[in-house]
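Colleague: First the structure, then my questions, so here it is.
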Amino acid sequence: MAKTKIDQTMQIIRDQIANKSLIVGSRLPSVRQFAIRLNCSVSTVVEAYARLVAEGVLESRLGSGYYVLGKTETFAFVETEVQYQREVDPLWISRQSLDAKSGVLKPGCGWLPSNWMPEQSIRKALKQVAKSENILLTDYATPHGHLELRQLIARKKEALDLKTQLNQIFITDSATQSIDLIFRHLLQAGDVILIDDPCYFNFRALIQAHHLKAVPIPFTDNGPDAEKFEQALNLKPKIYLTNSGIHNPTGTSISLQTVYQISKLVEQANILIVEDEIFSDFEYTPAPRYAALAGLKHVIQIGSFTKTLSAAVRCGYIIAESKLIDQLIDLRIATNFSNSHLNAEIVYQALIDGSYPKHLDWLKKQLNKAMNDTIQKLAVLDIHPLNVPTAGIFLWCKLPIGIQAAELSKLCLKSDVILAPGNSFSQAENAGEFMRFNVAQCIDKKVFDVLEQAIQQLRLSV
């Protein structure tokens with residue numbers, strides 16, 4: 001990236017300090033004198049001086065000018081050692097993926113490559129937001145959150161047969177924050193909660209953080225096992241937490257019959273479903289939703305815009321009965337006061353841009369191709385998906401006989417390839433025989449070369 005005039009001015013001052021043209025305690029020329037000397041604007045020098053003050057290189061003395069500071073304390077960057085032998089737990093994948101340096105491949109992470117995201121739409125939205133009224137840039141959000149974004153969400157839900165009022169929609173900072181708020185408000189340590197088996201690993205991490213008792217329900221090609229679900233109701237659970245639309249990690253979509261069966265059981269037991277539809281924008285044909293069939297009396301729906309828009313601009317939502325929404329707002333005010341109205345406005349501007357639907361169409365085509373390519377390349381290694389998803393980014397795969405996911409993951413990590421072992425998604429006895437793959441992150445041939453070498457090494461070690 002080309003250096004700005006401000007950057008160049010700062011570097012000139014640093015160079016002068018380094019070569020002793022400016023020594024500790026020296027007074028710098030006035031901003032006007034320095035601007036004339038460098039043939040630049042006064043504002044450029046003012047900003048350069050201010051940034052160097054912030055860095056601790058210079059100090060400003062009121063009425064006197066700018067001076068070179070003495071040697072300041074420096075903080076050495078200590079690179080985090082990769083913990084190859086860390087126990088594979090629900091946070092293993094997240095920690096490895098978020099800590100990863102540039103160049104590390106992440107077929108185990110849960111997001112798209114950065115060059116698949118609509119960067120230009122975000123930049124355009126940022127420019128539009130920068131021109132907004134001062135109140136948007138400086139003030140707190142209203143309790144329910146961004147009005148226009150809630151209106152947009154309501155219209156989208158109506159197209160999926162879920163009619164909502166604006167006071168039933170609550171803007172949060174992420175889907176994870178949404179679940180945390182719901183857990184803190186509705187549950188206490190020791191409460192029983194139903195989850196899919198396998199399920200999204202961060203669901204398990206949140207459950208552990210809140211000291212809840214999770215009862216796993218086997219997840220089939222059509223959704224949760226209805227018979228096992230009914231049996232688990234004898235344990236008096238308070239919530240069933242699941243993905244709707246596209247399931248994580250299996251990539252499957254729930255059938256209408258299963259949605260109907262589970263909804264009836266939930267109504268009879270008077271418990272709540274929390275359905276996370278964070279991957280909904282990847283669907284070609286929307287799968288049935290619990291909220292549309294059972295209604296908001298028994299369902300809380302959450303989502304976000306992280307997967308198709310931006311992970312950097314955090315923004316999510318909760319849809320529930322208005323009374324519950326009010327209670328969650330009170331909890332959020334007590335613990336976090338407000339959500340980021342600025343982030344919500346950026347997301348809203350990006351979503352209403354005419355390029356966003358085209359971006360989604362492009363993403364679906366890319367994912368369809370990547371899905372087919374990944375299945376073929378994994379088959380050569382005797383790794384096969386339990387089912388072939390109709391959309392989305394995930395494949396839930398059975399590893400070759402005798403290969404354990406945790407050991408394979410640790411071995412591949414040494415070659416800068418981060419995988420998603422089945423142990424992170426399930427506590428079932430056979431969980432170690434499975435691996436989740438993100439097809440969008442499997443484009444690089446190195447992924448499969450490292451997998452092949454690691455599998456051969458594990459076989460030789462037996």
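If you're wondering about the labels, chains in the structure tokens are A, B, ... by order shown, residues count from 1 in each chain, ligands from 1 in order shown.
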Would you tabulate, counting only C-alpha atoms, all residues of region 240-353 of chain A that have an atom at most 7 Å from an atom of region 139-154 of chain A, showing the closest pair of atoms and their distance in Å to one decimal, sorted by chain then ascending number, as JSON lines?
Modeller:
{"residue": "A:Ile329", "atom": "CA", "partner": "A:Pro143", "partner_atom": "CA", "distance": 6.4}
{"residue": "A:Ser338", "atom": "CA", "partner": "A:Ala141", "partner_atom": "CA", "distance": 6.1}
{"residue": "A:Asn339", "atom": "CA", "partner": "A:Ala141", "partner_atom": "CA", "distance": 6.4}
{"residue": "A:Ser340", "atom": "CA", "partner": "A:Ala141", "partner_atom": "CA", "distance": 6.8}
{"residue": "A:His341", "atom": "CA", "partner": "A:Ala141", "partner_atom": "CA", "distance": 5.0}
{"residue": "A:Ala344", "atom": "CA", "partner": "A:His146", "partner_atom": "CA", "distance": 6.3}
{"residue": "A:Tyr348", "atom": "CA", "partner": "A:Leu149", "partner_atom": "CA", "distance": 5.6}
Colleague: Write the selection just made, keeping C-alpha atoms, as a tab-separated table (two decimals), in the first residue's frame?
Modeller:
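Just written: selection_31.tsv:
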chain	number	residue	atom	x	y	z
A	329	ILE	CA	-33.13	-5.61	26.18
A	338	SER	CA	-26.06	-0.77	23.90
A	339	ASN	CA	-25.24	-2.47	20.65
A	340	SER	CA	-23.16	-0.94	17.85
A	341	HIS	CA	-25.55	1.27	15.88
A	344	ALA	CA	-25.84	-1.97	12.08
A	348	TYR	CA	-27.89	-2.15	6.41
Colleague: Looking only at the backbone, which of the residues in region 74-218 of chain A does DSSP tag as strand (DSSP E or B), as a ChimeraX atom specification?
Modeller: /A:105,169-172,192-197,213-218
Colleague: Any chance you could tabulate, as CSV, the residues of region 313-346 of chain A at most 9 Å from region 118-131 of chain A with each one's nearest atom pair and distance in Å to one decimal, using only C-alpha atoms, in chain and rising number order?
Modeller:
residue,atom,partner,partner_atom,distance
A:Leu342,CA,A:Val129,CA,7.8
A:Glu345,CA,A:Val129,CA,7.0
A:Ile346,CA,A:Ala125,CA,5.4
Colleague: Could you jot down the CA of Ala370 (chain A) to CA of Val439 (chain A) separation for me, Å, one decimal place?
Modeller: 5.6 Å
Colleague: If you count only C-alpha atoms, which residues fall within 8 Å of region 359-362 of chain A, apart from same-chain ones fewer than 6 positions away, as a ChimeraX atom specification?
Modeller: /A:118,281-282,308
Colleague: Please identify all polymer residues within 9 Å of Ile393 (chain A), counting only C-alpha atoms, omitting same-chain residues fewer than 5 positions from it, and present them as a ChimeraX atom specification.
Modeller: /A:110-112,251,279,282,367-368,370-371,437-441
Colleague: Would you mind listing what lies within 8 Å of Leu160 (chain A) as a count of residues only, with only C-alpha atoms counted and same-chain residues fewer than 4 positions away left out?
Modeller: 3
